[in-house]
Amino acid sequence: MDFSTDLFDRATAQGIAERFVRVLTALAEDPDRRIGDVELLSGVERERVLVGWNGELRGVRGVSLPVLFGEQVGRTPDAVAVVCGGREVSYGELDAWSNRVARWLVGQGVGPESFVGVVLPR
């Protein structure tokens with residue numbers, strides 16, 4: 001196998017080649033298998049990615065995104081939340097805008113567990 005030494009060291013190139021062979025072998029054994037179903041990582045690699053690189057386990061609070069967003073608004077209402085083009089919107093502004101949209105939706109009959117499709121210009 002040839003590879004660019006400007007981009008890859010020997011170990012990285014070897015790993016790419018091994019994964020390629022793994023895919024080819026799996027597809028040769030089962031030609032009807034979807035490529036996306038072929039496992040690229042070896043057991044050791046999978047363990048490294050899922051366990052070794054993730055560090056210590058941390059508890060996650062069982063709260064919803066709206067609760068987390070509300071907490072952020074309370075902490076930093078003037079901080080930039082969204083940037084689009086040259087326009088910046090603070091957490092406070094985004095909160096006010098989303099509340100106006102929510103009230104409008106409720107006025108249209110939307111309630112809990114309702115699905116709403118939203119199409120807006122970027």
# chains A, B, ... in the order shown; residues from 1 in each chain; ligands from 1

call {"tool": "residues_around", "arguments": {"residues": "Gly70 in chain A", "least_positions_apart": "4", "cutoff": "12 Å", "atoms": "only C-alpha atoms", "output": "ChimeraX atom specification"}}
result
/A:63-66,74-77,91-92,94-96,98-99

call {"tool": "select_by_dssp", "arguments": {"residues": "chain A", "states": "helix (DSSP H, G or I)", "output": "PyMOL selection string"}}
result
chain A and resi 10-29+35-37+43-50+52-54+65-75+91-107

call {"tool": "residues_around", "arguments": {"residues": "Arg122 in chain A", "least_positions_apart": "6", "cutoff": "12 Å", "atoms": "only C-alpha atoms", "output": "ChimeraX atom specification"}}
result
/A:83-85,87

call {"tool": "atom_distance", "arguments": {"atom1": "CA of Ile35 in chain A", "atom2": "CA of Phe20 in chain A"}}
result
11.3 Å

call {"tool": "select_by_dssp", "arguments": {"residues": "chain A", "states": "strand (DSSP E or B)", "output": "list in words"}}
result
Val80, Ala81, Val82, Val83, Cys84, Arg87, Glu88, Val89 and Ser90 of chain A

call {"tool": "write_last_selection", "arguments": {"atoms": "N, CA, C and O atoms", "output": "PDB file, in the first residue's frame"}}
result
ATOM      1  N   VAL A  80     -24.333  35.597  24.035  1.00  0.00           N
ATOM      2  CA  VAL A  80     -24.757  35.230  22.684  1.00  0.00           C
ATOM      3  C   VAL A  80     -25.142  33.752  22.654  1.00  0.00           C
ATOM      4  O   VAL A  80     -24.368  32.887  23.061  1.00  0.00           O
ATOM      5  N   ALA A  81     -26.344  33.478  22.165  1.00  0.00           N
ATOM      6  CA  ALA A  81     -26.843  32.108  22.062  1.00  0.00           C
ATOM      7  C   ALA A  81     -26.789  31.605  20.630  1.00  0.00           C
ATOM      8  O   ALA A  81     -26.517  30.427  20.387  1.00  0.00           O
ATOM      9  N   VAL A  82     -27.051  32.488  19.668  1.00  0.00           N
ATOM     10  CA  VAL A  82     -27.139  32.104  18.261  1.00  0.00           C
ATOM     11  C   VAL A  82     -26.482  33.185  17.418  1.00  0.00           C
ATOM     12  O   VAL A  82     -26.681  34.376  17.663  1.00  0.00           O
ATOM     13  N   VAL A  83     -25.719  32.731  16.419  1.00  0.00           N
ATOM     14  CA  VAL A  83     -25.143  33.649  15.446  1.00  0.00           C
ATOM     15  C   VAL A  83     -25.539  33.145  14.064  1.00  0.00           C
ATOM     16  O   VAL A  83     -25.372  31.971  13.754  1.00  0.00           O
ATOM     17  N   CYS A  84     -26.081  34.033  13.263  1.00  0.00           N
ATOM     18  CA  CYS A  84     -26.444  33.683  11.889  1.00  0.00           C
ATOM     19  C   CYS A  84     -26.089  34.864  11.008  1.00  0.00           C
ATOM     20  O   CYS A  84     -26.640  35.961  11.187  1.00  0.00           O
ATOM     21  N   ARG A  87     -25.782  38.527  12.414  1.00  0.00           N
ATOM     22  CA  ARG A  87     -26.713  38.803  13.513  1.00  0.00           C
ATOM     23  C   ARG A  87     -26.443  37.886  14.691  1.00  0.00           C
ATOM     24  O   ARG A  87     -26.260  36.686  14.534  1.00  0.00           O
ATOM     25  N   GLU A  88     -26.413  38.478  15.877  1.00  0.00           N
ATOM     26  CA  GLU A  88     -26.258  37.730  17.121  1.00  0.00           C
ATOM     27  C   GLU A  88     -27.535  37.872  17.945  1.00  0.00           C
ATOM     28  O   GLU A  88     -28.116  38.950  18.010  1.00  0.00           O
ATOM     29  N   VAL A  89     -27.959  36.782  18.558  1.00  0.00           N
ATOM     30  CA  VAL A  89     -29.150  36.782  19.404  1.00  0.00           C
ATOM     31  C   VAL A  89     -28.744  36.277  20.786  1.00  0.00           C
ATOM     32  O   VAL A  89     -28.129  35.211  20.897  1.00  0.00           O
ATOM     33  N   SER A  90     -29.098  37.022  21.816  1.00  0.00           N
ATOM     34  CA  SER A  90     -28.742  36.626  23.179  1.00  0.00           C
ATOM     35  C   SER A  90     -29.700  35.546  23.678  1.00  0.00           C
ATOM     36  O   SER A  90     -30.774  35.319  23.109  1.00  0.00           O
TER      37      SER A  90
END

call {"tool": "residues_around", "arguments": {"residues": "Leu40 in chain A", "least_positions_apart": "2", "cutoff": "7 Å", "atoms": "only C-alpha atoms", "output": "ChimeraX atom specification"}}
result
/A:19,22-23,38,42

call {"tool": "write_last_selection", "arguments": {"atoms": "C-alpha atoms", "output": "short mmCIF file (atom, residue, chain, number, x, y, z; two decimals), in the first residue's frame"}}
result
data_model
loop_
_atom_site.label_atom_id
_atom_site.label_comp_id
_atom_site.auth_asym_id
_atom_site.auth_seq_id
_atom_site.Cartn_x
_atom_site.Cartn_y
_atom_site.Cartn_z
CA ARG A 19 -10.18 -1.85 8.25
CA ARG A 22 -12.13 -6.23 7.29
CA VAL A 23 -14.90 -4.65 5.16
CA VAL A 38 -19.95 -4.02 8.72
CA SER A 42 -11.69 -4.42 16.18
#

call {"tool": "atom_distance", "arguments": {"atom1": "CA of Leu24 in chain A", "atom2": "CA of Glu39 in chain A"}}
result
11.2 Å

call {"tool": "closest_residue", "arguments": {"among": "A:Ala13, A:Glu93, A:Gly43, A:Pro31", "to": "Val73 in chain A", "atoms": "only C-alpha atoms"}}
result
A:Glu93

call {"tool": "atom_distance", "arguments": {"atom1": "CA of Thr5 in chain A", "atom2": "CA of Arg46 in chain A"}}
result
26.0 Å
